[in-house]
>>> print(open('run_17.cif').read())   # mmCIF, C-alpha atoms
data_protein
#
loop_
_atom_site.label_atom_id
_atom_site.label_comp_id
_atom_site.auth_asym_id
_atom_site.auth_seq_id
_atom_site.Cartn_x
_atom_site.Cartn_y
_atom_site.Cartn_z
CA MET A 1 31.54 -3.66 20.70
CA LYS A 2 27.81 -3.76 21.51
CA GLN A 3 25.57 -1.50 19.43
CA GLU A 4 22.76 0.30 21.18
CA PRO A 5 19.34 0.66 19.54
CA ARG A 6 18.76 4.06 18.00
CA LYS A 7 15.80 6.02 19.27
CA GLY A 8 12.76 5.79 16.97
CA LYS A 9 14.59 3.81 14.32
CA GLY A 10 14.18 0.27 15.60
CA PRO A 11 17.02 -1.91 16.87
CA LEU A 12 20.20 -2.08 14.86
CA THR A 13 20.73 -5.74 13.99
CA ARG A 14 23.91 -5.36 11.97
CA PRO A 15 26.15 -2.50 10.86
CA ARG A 16 25.02 -0.79 7.63
CA HIS A 17 28.27 -1.69 5.87
CA SER A 18 28.05 -5.42 6.55
CA SER A 19 26.15 -7.80 4.36
CA PRO A 20 23.83 -10.45 5.77
CA THR A 21 24.93 -14.04 5.99
CA HIS A 22 22.71 -17.08 5.88
CA LYS A 23 23.37 -17.63 9.61
CA GLU A 24 21.70 -14.38 10.67
CA LYS A 25 18.14 -14.95 11.84
CA PRO A 26 16.44 -11.73 12.94
CA ALA A 27 14.08 -12.16 15.85
CA ASN A 28 10.44 -12.00 14.75
CA SER A 29 9.69 -9.94 17.86
CA GLN A 30 11.69 -6.99 16.50
CA LYS A 31 9.43 -4.34 14.99
CA TYR A 32 10.36 -1.51 12.66
CA GLU A 33 8.41 1.47 11.38
CA GLY A 34 8.64 3.16 8.02
CA VAL A 35 6.82 4.33 4.91
CA ILE A 36 5.97 1.61 2.43
CA ALA A 37 6.39 2.02 -1.32
CA ILE A 38 4.45 -0.47 -3.43
CA THR A 39 5.32 -1.30 -7.02
CA SER A 40 2.82 -1.85 -9.82
CA ARG A 41 3.46 -5.61 -9.28
CA GLY A 42 2.03 -5.26 -5.76
CA VAL A 43 5.31 -5.81 -3.89
CA GLY A 44 6.14 -3.43 -1.04
CA TYR A 45 9.46 -2.02 0.16
CA VAL A 46 10.12 -0.35 3.50
CA ALA A 47 13.34 1.59 4.13
CA VAL A 48 14.74 0.85 7.59
CA ASP A 49 17.90 2.62 8.72
CA ALA A 50 19.25 -0.57 10.30
CA PHE A 51 19.47 -2.27 6.89
CA GLU A 52 21.39 -1.37 3.78
CA GLU A 53 18.59 -2.59 1.49
CA ASP A 54 14.88 -1.92 1.86
CA ILE A 55 12.84 -4.69 3.49
CA GLU A 56 10.74 -6.48 0.85
CA ILE A 57 7.09 -7.23 1.60
CA GLU A 58 5.38 -9.73 -0.69
CA ASN A 59 1.81 -8.96 -1.78
CA GLU A 60 0.16 -11.52 0.51
CA LYS A 61 2.00 -10.00 3.49
CA LEU A 62 0.95 -6.37 2.90
CA HIS A 63 -2.14 -6.77 5.15
CA THR A 64 -4.06 -3.79 3.67
CA ALA A 65 -1.07 -1.41 3.45
CA LEU A 66 -1.11 1.01 0.51
CA SER A 67 1.79 2.85 -1.07
CA GLY A 68 2.78 5.82 1.09
CA ASP A 69 1.28 4.44 4.32
CA ARG A 70 3.32 4.52 7.51
CA VAL A 71 3.53 0.90 8.71
CA ARG A 72 4.93 -1.29 11.46
CA ILE A 73 6.67 -4.40 10.16
CA SER A 74 8.32 -7.50 11.56
CA LEU A 75 11.05 -9.48 9.87
CA LEU A 76 10.87 -12.98 8.48
CA PRO A 77 13.82 -15.35 8.88
CA LEU A 78 16.62 -14.37 6.54
CA ARG A 79 17.08 -16.73 3.61
CA ARG A 80 20.36 -17.30 1.85
CA ASP A 81 21.13 -14.99 -1.09
CA MET A 82 17.83 -13.13 -0.76
CA ARG A 83 16.80 -9.66 0.29
CA GLN A 84 15.45 -9.40 3.85
CA GLN A 85 11.70 -10.11 3.81
CA GLY A 86 9.08 -8.80 6.21
CA VAL A 87 5.40 -8.69 7.09
CA VAL A 88 3.22 -5.62 7.68
CA GLU A 89 1.89 -5.95 11.22
CA GLU A 90 -0.08 -2.70 11.34
CA VAL A 91 -0.94 0.34 9.23
CA LEU A 92 -0.11 3.27 11.51
CA ASP A 93 -1.13 6.10 9.20
CA ARG A 94 -3.20 5.73 6.02
CA VAL A 95 -2.02 8.39 3.60
CA LYS A 96 -4.48 8.01 0.74
CA ILE A 97 -8.08 6.82 0.68
CA GLY A 98 -9.35 8.50 -2.52
CA PHE A 99 -8.89 6.93 -5.94
CA ALA A 100 -10.03 7.80 -9.45
CA GLY A 101 -10.88 4.99 -11.81
CA VAL A 102 -13.49 3.23 -13.88
CA LEU A 103 -16.56 1.73 -12.24
CA GLU A 104 -17.12 -1.81 -13.48
CA GLU A 105 -19.94 -4.26 -12.81
CA GLU A 106 -19.76 -8.02 -12.59
CA ALA A 107 -22.55 -10.35 -11.46
CA GLY A 108 -24.52 -7.38 -10.14
CA ASN A 109 -21.63 -6.05 -8.03
CA PHE A 110 -19.79 -2.78 -8.62
CA PHE A 111 -16.06 -2.36 -8.19
CA LEU A 112 -13.62 0.42 -8.95
CA VAL A 113 -10.61 -0.33 -11.14
CA PRO A 114 -8.22 2.39 -9.92
CA ASP A 115 -6.12 4.42 -12.35
CA ASP A 116 -3.29 4.44 -9.80
CA ARG A 117 -1.01 1.56 -10.86
CA LYS A 118 0.31 1.24 -7.29
CA MET A 119 -3.17 0.39 -6.04
CA TYR A 120 -2.90 -3.38 -6.30
CA VAL A 121 -6.54 -4.30 -5.56
CA HIS A 122 -9.96 -3.25 -6.84
CA ILE A 123 -12.33 -1.44 -4.50
CA ALA A 124 -15.77 -3.04 -3.93
CA ILE A 125 -18.54 -0.45 -4.20
CA PRO A 126 -21.92 -1.57 -2.79
CA LYS A 127 -24.80 -0.48 -5.06
CA GLU A 128 -26.19 1.74 -2.30
CA HIS A 129 -22.85 3.63 -2.31
CA ALA A 130 -22.55 4.01 -6.09
CA GLY A 131 -24.91 7.00 -6.23
CA LYS A 132 -25.86 7.79 -9.84
CA ALA A 133 -22.75 6.11 -11.25
CA THR A 134 -23.13 3.33 -13.80
CA ALA A 135 -20.70 0.78 -15.18
CA GLY A 136 -18.19 2.45 -17.49
CA ASP A 137 -18.23 5.80 -15.65
CA LYS A 138 -15.01 7.46 -14.58
CA VAL A 139 -15.51 8.17 -10.87
CA PHE A 140 -13.67 9.30 -7.78
CA ALA A 141 -14.22 7.00 -4.81
CA GLU A 142 -12.98 6.67 -1.24
CA ILE A 143 -12.18 3.57 0.77
CA THR A 144 -14.58 3.36 3.70
CA SER A 145 -13.30 0.14 5.29
CA TRP A 146 -10.71 -2.56 4.79
CA ASP A 147 -10.35 -4.92 7.70
CA ASP A 148 -9.70 -8.25 5.99
CA PRO A 149 -6.61 -8.36 3.74
CA LYS A 150 -8.08 -11.39 1.94
CA LYS A 151 -11.03 -9.33 0.71
CA SER A 152 -11.25 -6.17 -1.35
CA PRO A 153 -11.60 -2.86 0.44
CA ARG A 154 -15.11 -1.38 0.47
CA GLY A 155 -15.73 2.12 -0.75
CA LYS A 156 -18.22 4.71 -1.91
CA VAL A 157 -18.41 6.90 -4.98
CA ILE A 158 -17.73 10.53 -4.11
CA SER A 159 -18.27 11.97 -7.59
CA VAL A 160 -19.05 10.88 -11.12
CA LEU A 161 -16.53 12.53 -13.45
CA GLY A 162 -18.03 11.42 -16.77
CA ARG A 163 -17.66 8.47 -19.10
CA LYS A 164 -14.39 6.60 -19.44
CA GLY A 165 -12.26 8.17 -22.16
CA GLU A 166 -13.98 11.58 -22.17
CA ASN A 167 -11.36 14.30 -22.03
CA ASN A 168 -12.91 16.28 -19.15
CA ALA A 169 -13.46 13.13 -17.09
CA GLU A 170 -9.88 11.97 -17.61
CA MET A 171 -8.45 15.42 -16.75
CA ALA A 172 -10.59 15.63 -13.59
CA ALA A 173 -9.39 12.14 -12.60
CA ILE A 174 -5.75 13.21 -12.90
CA VAL A 175 -6.35 16.34 -10.83
CA LEU A 176 -8.20 14.43 -8.09
CA GLU A 177 -5.58 11.63 -8.01
CA LYS A 178 -2.94 14.28 -7.27
CA GLY A 179 -5.00 15.60 -4.35
CA PHE A 180 -6.30 18.82 -5.90
CA ALA A 181 -9.89 20.08 -6.05
CA THR A 182 -11.63 20.28 -9.41
CA SER A 183 -13.70 23.34 -8.52
CA PHE A 184 -13.06 26.64 -6.82
CA PRO A 185 -14.97 27.93 -3.78
CA ASP A 186 -17.52 30.69 -4.41
#
>>> encode(input="run_17.cif", output="structure tokens")
Amino acid sequence: MKQEPRKGKGPLTRPRHSSPTHKEKPANSQKYEGVIAITSRGVGYVAVDAFEEDIEIENEKLHTALSGDRVRISLLPLRRDMRQQGVVEEVLDRVKIGFAGVLEEEAGNFFLVPDDRKMYVHIAIPKEHAGKATAGDKVFAEITSWDDPKKSPRGKVISVLGRKGENNAEMAAIVLEKGFATSFPD
């Protein structure tokens, strides 16, 4: 019995109830779409209806995807006794660009160490985009570009929340990380 691809879900390569064998080699040309979840270890997982287990994406194959992004992936050849692996081919929809964290400085360069444990890379902040922030400040920053997965994303400081460890700065960081405003309109 031949199985037809399901609309919008990607081709069905095996029934959900079957388990993969070492002989199955998914075609690299098959593409799937889904939302990626990234662990604090920097490993991504994409749920695809055609597979019983989520597709695992190793850190070096995330290609700028962040947790919650909608991505297009391709599959790697299936290896014996391992979860199906894949590669992010494209970020279709970036869900989050703003991150709270501590601004650090090394060798004259600023970078944000995000509070979000699922953000697996620091954000480079050029001095001209740091505003009045100094090293050790708790800030809220946005990613402005990230084209090369081998380099850190670039960003700019949106607001200085205070010094690291100050109660008000830490509370504002939590509120902003959750997507809420810290002030009310007049």
>>> closest_residue(input="run_17.cif", among="A:Ala130, A:Val113, A:Val35, A:Val46", to="A:Val87", atoms="only C-alpha atoms")
A:Val46
>>> resolve_selection(input="run_17.cif", expression="the PyMOL selection byres ((chain A and resi 84) around 9)", output="list of chain:residue names")
A:Pro20, A:Phe51, A:Glu53, A:Asp54, A:Ile55, A:Glu56, A:Ile57, A:Leu75, A:Leu76, A:Pro77, A:Leu78, A:Arg79, A:Met82, A:Arg83, A:Gln85, A:Gly86
>>> write_last_selection(input="run_17.cif", atoms="C-alpha atoms", output="mmCIF file, in the frame of the given file")
data_model
loop_
_atom_site.group_PDB
_atom_site.id
_atom_site.type_symbol
_atom_site.label_atom_id
_atom_site.label_comp_id
_atom_site.auth_asym_id
_atom_site.auth_seq_id
_atom_site.Cartn_x
_atom_site.Cartn_y
_atom_site.Cartn_z
ATOM 1 C CA PRO A 20 23.830 -10.450 5.770
ATOM 2 C CA PHE A 51 19.470 -2.270 6.890
ATOM 3 C CA GLU A 53 18.590 -2.590 1.490
ATOM 4 C CA ASP A 54 14.880 -1.920 1.860
ATOM 5 C CA ILE A 55 12.840 -4.690 3.490
ATOM 6 C CA GLU A 56 10.740 -6.480 0.850
ATOM 7 C CA ILE A 57 7.090 -7.230 1.600
ATOM 8 C CA LEU A 75 11.050 -9.480 9.870
ATOM 9 C CA LEU A 76 10.870 -12.980 8.480
ATOM 10 C CA PRO A 77 13.820 -15.350 8.880
ATOM 11 C CA LEU A 78 16.620 -14.370 6.540
ATOM 12 C CA ARG A 79 17.080 -16.730 3.610
ATOM 13 C CA MET A 82 17.830 -13.130 -0.760
ATOM 14 C CA ARG A 83 16.800 -9.660 0.290
ATOM 15 C CA GLN A 85 11.700 -10.110 3.810
ATOM 16 C CA GLY A 86 9.080 -8.800 6.210
#
>>> closest_residue(input="run_17.cif", among="A:Met171, A:Leu62, A:Val43, A:Ile125", to="A:Leu103", atoms="only C-alpha atoms")
A:Ile125
>>> residues_around(input="run_17.cif", residues="A:Glu90", least_positions_apart="2", cutoff="7 Å", atoms="only C-alpha atoms", output="PyMOL selection string")
chain A and resi 71-72+88+92
>>> resolve_selection(input="run_17.cif", expression="the PyMOL selection byres ((chain A and resi 150) around 12)", output="list of chain:residue names")
A:Asn59, A:Glu60, A:Lys61, A:Leu62, A:His63, A:Thr64, A:Val121, A:Trp146, A:Asp147, A:Asp148, A:Pro149, A:Lys151, A:Ser152, A:Pro153
>>> resolve_selection(input="run_17.cif", expression="the PyMOL selection byres ((chain A and resi 127) around 12)", output="JSON, numbers by chain")
{"A": [103, 104, 105, 106, 107, 108, 109, 110, 111, 112, 124, 125, 126, 128, 129, 130, 131, 132, 133, 134, 135, 154, 155, 156, 157]}
>>> write_last_selection(input="run_17.cif", atoms="C-alpha atoms", output="compact mmCIF listing (two decimals), keeping the file's coordinate frame")
# COMPACT_ATOMS: atom_id res chain seq x y z
CA LEU A 103 -16.56 1.73 -12.24
CA GLU A 104 -17.12 -1.81 -13.48
CA GLU A 105 -19.94 -4.26 -12.81
CA GLU A 106 -19.76 -8.02 -12.59
CA ALA A 107 -22.55 -10.35 -11.46
CA GLY A 108 -24.52 -7.38 -10.14
CA ASN A 109 -21.63 -6.05 -8.03
CA PHE A 110 -19.79 -2.78 -8.62
CA PHE A 111 -16.06 -2.36 -8.19
CA LEU A 112 -13.62 0.42 -8.95
CA ALA A 124 -15.77 -3.04 -3.93
CA ILE A 125 -18.54 -0.45 -4.20
CA PRO A 126 -21.92 -1.57 -2.79
CA GLU A 128 -26.19 1.74 -2.30
CA HIS A 129 -22.85 3.63 -2.31
CA ALA A 130 -22.55 4.01 -6.09
CA GLY A 131 -24.91 7.00 -6.23
CA LYS A 132 -25.86 7.79 -9.84
CA ALA A 133 -22.75 6.11 -11.25
CA THR A 134 -23.13 3.33 -13.80
CA ALA A 135 -20.70 0.78 -15.18
CA ARG A 154 -15.11 -1.38 0.47
CA GLY A 155 -15.73 2.12 -0.75
CA LYS A 156 -18.22 4.71 -1.91
CA VAL A 157 -18.41 6.90 -4.98
>>> atom_distance(input="run_17.cif", atom1="atom CA of A:Gly34", atom2="atom CA of A:Lys118")
17.5 Å
>>> closest_residue(input="run_17.cif", among="A:Arg163, A:Lys96, A:Arg117, A:Arg80", to="A:Lys178", atoms="all atoms listed in the file")
A:Lys96
>>> closest_residue(input="run_17.cif", among="A:Asp115, A:Glu170, A:Glu52, A:Glu89", to="A:Thr182", atoms="only C-alpha atoms")
A:Glu170
>>> atom_distance(input="run_17.cif", atom1="atom CA of A:Asn167", atom2="atom CA of A:Ser183")
16.4 Å
